[in-house]
Amino acid sequence: MGSDNFPNAVGFFTRLTQFLAIFVPAAYAVLYAPYGMDTTDFGYFYGHPWRILQGEVPYRDFAYITPPVALYWHAFWLSVTPDGISVLAGKISFLAEMLAAAWMGTIYLNRVFDLKLLALPMPLLATAGFVWGVHAFPPMPWHTVDGLFFGSAALLAAICGQATLAGIFAGLCMLVKQSFLFIPAAAALVIFTRRPKRETIFCLLGTGLVLLVHWLLLLRLDAWEAFCSQTTGQLDMREALQSGIFIYLTQNPVLPALAMAPFILQRLLRRARGTPVPLPLALQPVPFYFCLLAAVYIHDVLTQKTWAGYGDSWPTLFMVMGGACLLFPAFFLQDALREERIQNAGAPLLRAGVALGAALLLSWSTGISGGYKIPAFGALPLLFCALLAHRRLQGAGSTRACALLALVAGLVMFRAGYEYPYVFPPRPMPRSSLVHDAGEIYRKARGVYVDAEMLDKLRELRELRLKYGPDYKTLPAFPLAYFLNGDKPAYPAEWLMDWQIGGRVEEFYRQLEERGITVFMEKDQIGVAAPDAYASRRYSVPLRVIENWRKIGETRYFVVLQKPDN
């Protein structure tokens, strides 16, 4: 009776994972994407692409400190999106890219490891990777997501033998953000260990072609020297070492130790009794860690009542677990390979280690950031390594159940997290307060729901624009302003943070004076020296404006300032 029902149970589980693979992303697009907007990070990849659509060139005409692919990528999508849903479409594009990256990563891993042997349905792994990845950041266009998307495409093309295409995608990934510098080498190495050596050359040529086109275009647009200056001038090696190495050496040991406690106790009892002691799935180390993460995360959300993008350092811990998989491939990887079943520490293990290492490198690259230093965007290979560790500790039979528990834990914990959508600077903003359609003020923001405070701030921005004309700049940020108002930008920077303008404080302050700009200063940023503890994030230009310029008007959320002799 039991054996007859087993195929039915497997079939039901497969259909369930297929249903979840469709339902979960659709639910996210409906239930989460429309909610929330702020005046800093949120508008970054609306405001800068809008400048391109107005004929401006990055570096030459406005300050931008990372390579330009993300700007032109979002400018293209902004140009083909109906005007009335352009903001909402950008938020949904975040989910779409993360979902595509999760699926490409799953297909990539399935070409290396036998997911059927692991009893791990592809839809389940992809959906879990999507759920844990999207909560690294609120739904909004972001260049790190673009890098993950192009990098995943590069690795998938590499594993499928499309060498030139892999090189092209890797080149695009590299030109999204400096942290993705090593992705072309990773794609080439995947090909080198699996294909004829000439295929590696084709991959490198594909990347070289992208870099050549990039160089020629910037030369033609008279932006090459400015590009070199702005994208290298603010590199901080100490910060890079902190986000790339040291952060992984300072793990919080409490939750991992708690997660291991039942497992250690089981082993001690087994040794004392001489017989196996069953350990329920929920108390096995990796599943128990998921449960602990969910509990701690939900507690943090309920007590802090602000946006929480990730749990208690889980991405860095899982990256360390991935490193263990690479250091001990015969222990973690050998039984999971798709290739020859006779593993003798030869080429199959090498190829698998290189392929997994490339995926982990992509995840690691998403954490090398000036702000968000956690590799949670690339959650898929991190979760996969955790599942490999679970398999070695508990056997293959419960891998599927562990993956399902990871998905459920992610859905539950981050559902709590979305009760307080992202806003910067942080303030109480429960999801229940987001009942106002921003389209009431700006047509481009139709379908995006904000609270009364943000709605009033948008209304005041529109009224100030009508009163003072197009020669204005919001300080210190609000990069949505020119885009929402449909204005040709009057000033060559969006976020007046020292780091974002390459440290050129005197130059950008002088341009405010020379252009006769009227400043709309956000009141909640008056007196703020920097948005975080890093010296490079200082608001030197806004602070100087507040100190020296005269106030000519004031609203609830803005102070209007002009140069003293205006």
# chains A, B, ... in the order shown; residues from 1 in each chain; ligands from 1
>>> closest_atom_pairs(of="segment 66-160 of chain A", to="segment 369-389 of chain A", cutoff="8 Å", atoms="only C-alpha atoms", output="Markdown table")
| residue | atom | partner | partner_atom | distance |
| --- | --- | --- | --- | --- |
| A:Ala102 | CA | A:Leu380 | CA | 6.3 |
| A:Gly105 | CA | A:Leu380 | CA | 7.0 |
| A:Thr106 | CA | A:Leu380 | CA | 7.6 |
| A:Leu125 | CA | A:Leu380 | CA | 7.6 |
| A:Ala126 | CA | A:Leu380 | CA | 7.2 |
| A:Ala128 | CA | A:Leu380 | CA | 7.5 |
| A:Gly129 | CA | A:Leu380 | CA | 4.2 |
| A:Phe130 | CA | A:Leu380 | CA | 7.2 |
| A:Trp132 | CA | A:Ala379 | CA | 5.9 |
| A:Gly133 | CA | A:Phe377 | CA | 4.6 |
| A:Val134 | CA | A:Phe377 | CA | 6.6 |
| A:His135 | CA | A:Phe377 | CA | 7.9 |
| A:Ala136 | CA | A:Ala376 | CA | 5.4 |
| A:Phe137 | CA | A:Phe377 | CA | 7.9 |
| A:Thr144 | CA | A:Phe377 | CA | 7.8 |
| A:Val145 | CA | A:Phe377 | CA | 7.1 |
| A:Leu148 | CA | A:Gly378 | CA | 6.9 |
>>> write_last_selection(atoms="N, CA and C atoms", output="compact mmCIF listing (two decimals), in the first residue's frame")
# COMPACT_ATOMS: atom_id res chain seq x y z
N ALA A 102 17.52 33.62 -10.30
CA ALA A 102 17.33 32.39 -9.52
C ALA A 102 17.15 31.19 -10.44
N GLY A 105 20.43 30.44 -12.27
CA GLY A 105 21.35 29.81 -11.33
C GLY A 105 20.98 28.36 -11.05
N THR A 106 19.68 28.08 -10.97
CA THR A 106 19.24 26.70 -10.73
C THR A 106 19.57 25.80 -11.91
N LEU A 125 14.05 24.73 -5.58
CA LEU A 125 15.32 25.42 -5.34
C LEU A 125 15.27 26.84 -5.89
N ALA A 126 14.74 27.01 -7.10
CA ALA A 126 14.68 28.34 -7.71
C ALA A 126 13.79 29.28 -6.90
N ALA A 128 12.98 29.05 -3.67
CA ALA A 128 13.63 29.37 -2.39
C ALA A 128 14.73 30.41 -2.60
N GLY A 129 15.54 30.24 -3.65
CA GLY A 129 16.59 31.21 -3.94
C GLY A 129 16.02 32.59 -4.22
N PHE A 130 14.91 32.64 -4.95
CA PHE A 130 14.25 33.91 -5.23
C PHE A 130 13.77 34.58 -3.94
N TRP A 132 14.68 34.18 -0.76
CA TRP A 132 15.73 34.65 0.13
C TRP A 132 16.53 35.78 -0.50
N GLY A 133 16.60 35.83 -1.82
CA GLY A 133 17.37 36.88 -2.48
C GLY A 133 16.65 38.21 -2.54
N VAL A 134 15.34 38.21 -2.84
CA VAL A 134 14.65 39.49 -3.04
C VAL A 134 14.59 40.31 -1.76
N HIS A 135 14.73 39.67 -0.62
CA HIS A 135 14.63 40.41 0.63
C HIS A 135 15.94 41.05 1.03
N ALA A 136 16.94 40.94 0.18
CA ALA A 136 18.17 41.67 0.43
C ALA A 136 17.93 43.18 0.32
N PHE A 137 16.90 43.56 -0.44
CA PHE A 137 16.67 44.97 -0.73
C PHE A 137 15.18 45.14 -1.01
N THR A 144 23.12 46.36 -8.42
CA THR A 144 23.59 45.06 -7.95
C THR A 144 22.72 43.93 -8.48
N VAL A 145 21.44 44.18 -8.60
CA VAL A 145 20.52 43.20 -9.18
C VAL A 145 20.84 42.99 -10.65
N LEU A 148 23.86 40.79 -10.86
CA LEU A 148 23.51 39.40 -10.60
C LEU A 148 22.83 38.78 -11.82
>>> select_by_dssp(residues="segment 455-516 of chain A", states="alpha helix (DSSP H)", output="number ranges by chain")
A: 455-468, 481-485, 505-514
>>> residues_around(residues="segment 352-359 of chain A", least_positions_apart="6", cutoff="7 Å", atoms="only C-alpha atoms", output="JSON, numbers by chain")
{"A": [112, 186, 190, 326, 329, 381]}
>>> residues_around(residues="Phe558 of chain A", least_positions_apart="3", cutoff="6 Å", atoms="only C-alpha atoms", output="PyMOL selection string")
chain A and resi 520-523+554-555
>>> write_last_selection(atoms="N, CA and C atoms", output="CSV table (one decimal), in the first residue's frame")
chain,number,residue,atom,x,y,z
A,520,PHE,N,15.9,73.1,-2.8
A,520,PHE,CA,14.8,72.5,-1.9
A,520,PHE,C,15.4,71.5,-0.9
A,521,MET,N,15.7,72.0,0.3
A,521,MET,CA,16.4,71.2,1.3
A,521,MET,C,15.4,70.4,2.1
A,522,GLU,N,15.6,69.1,2.2
A,522,GLU,CA,14.7,68.3,3.0
A,522,GLU,C,14.9,68.6,4.5
A,523,LYS,N,13.9,68.9,5.2
A,523,LYS,CA,14.0,69.3,6.6
A,523,LYS,C,14.6,68.2,7.4
A,554,GLU,N,9.6,78.2,3.1
A,554,GLU,CA,9.6,77.0,4.0
A,554,GLU,C,8.2,76.3,3.9
A,555,THR,N,8.2,75.0,3.8
A,555,THR,CA,7.0,74.2,3.8
A,555,THR,C,7.2,73.2,5.0
>>> atom_distance(atom1="atom CA of Arg400 of chain A", atom2="atom CA of Leu120 of chain A")
5.1 Å
>>> residues_around(residues="Thr316 of chain A", least_positions_apart="3", cutoff="8 Å", atoms="only C-alpha atoms", output="NGL selection string")
:A and (247-248 or 251 or 313 or 319-320 or 374-375)
>>> select_by_dssp(residues="segment 382-494 of chain A", states="strand (DSSP E)", output="count of residues only")
8
>>> closest_residue(among="A:Ile201, A:Ala477, A:Leu209, A:Val286", to="His390 of chain A", atoms="only C-alpha atoms")
A:Val286
>>> closest_atom_pairs(of="segment 218-307 of chain A", to="segment 403-412 of chain A", cutoff="8 Å", atoms="only C-alpha atoms", output="CSV")
residue,atom,partner,partner_atom,distance
A:Pro287,CA,A:Leu405,CA,6.8
A:Phe290,CA,A:Ala406,CA,6.2
A:Cys291,CA,A:Ala409,CA,6.6
A:Ala294,CA,A:Ala409,CA,6.0
>>> atom_distance(atom1="atom CA of Tyr28 of chain A", atom2="atom CA of Ser93 of chain A")
11.7 Å
>>> atom_distance(atom1="atom CA of Leu31 of chain A", atom2="atom CA of Gly486 of chain A")
28.5 Å
>>> residues_around(residues="Leu434 of chain A", least_positions_apart="2", cutoff="6 Å", atoms="only C-alpha atoms", output="VMD selection string")
chain A and resid 431 to 432 436 449 to 451
>>> residues_around(residues="Ser152 of chain A", least_positions_apart="5", cutoff="12 Å", atoms="only C-alpha atoms", output="PyMOL selection string")
chain A and resi 97-109+145-147+157-159+166-167+169-170+172-173+180+183-184+186-187+355+358-363+365-366+377-378+380-381
>>> closest_atom_pairs(of="segment 65-184 of chain A", to="segment 211-220 of chain A", cutoff="10 Å", atoms="only C-alpha atoms", output="CSV")
residue,atom,partner,partner_atom,distance
A:Pro67,CA,A:His214,CA,9.7
A:Pro68,CA,A:His214,CA,8.9
A:Val69,CA,A:His214,CA,9.1
A:Ile168,CA,A:Leu211,CA,9.1
A:Gly171,CA,A:Leu211,CA,6.7
A:Leu172,CA,A:Leu211,CA,8.4
A:Met174,CA,A:Leu211,CA,9.2
A:Leu175,CA,A:Leu211,CA,8.2
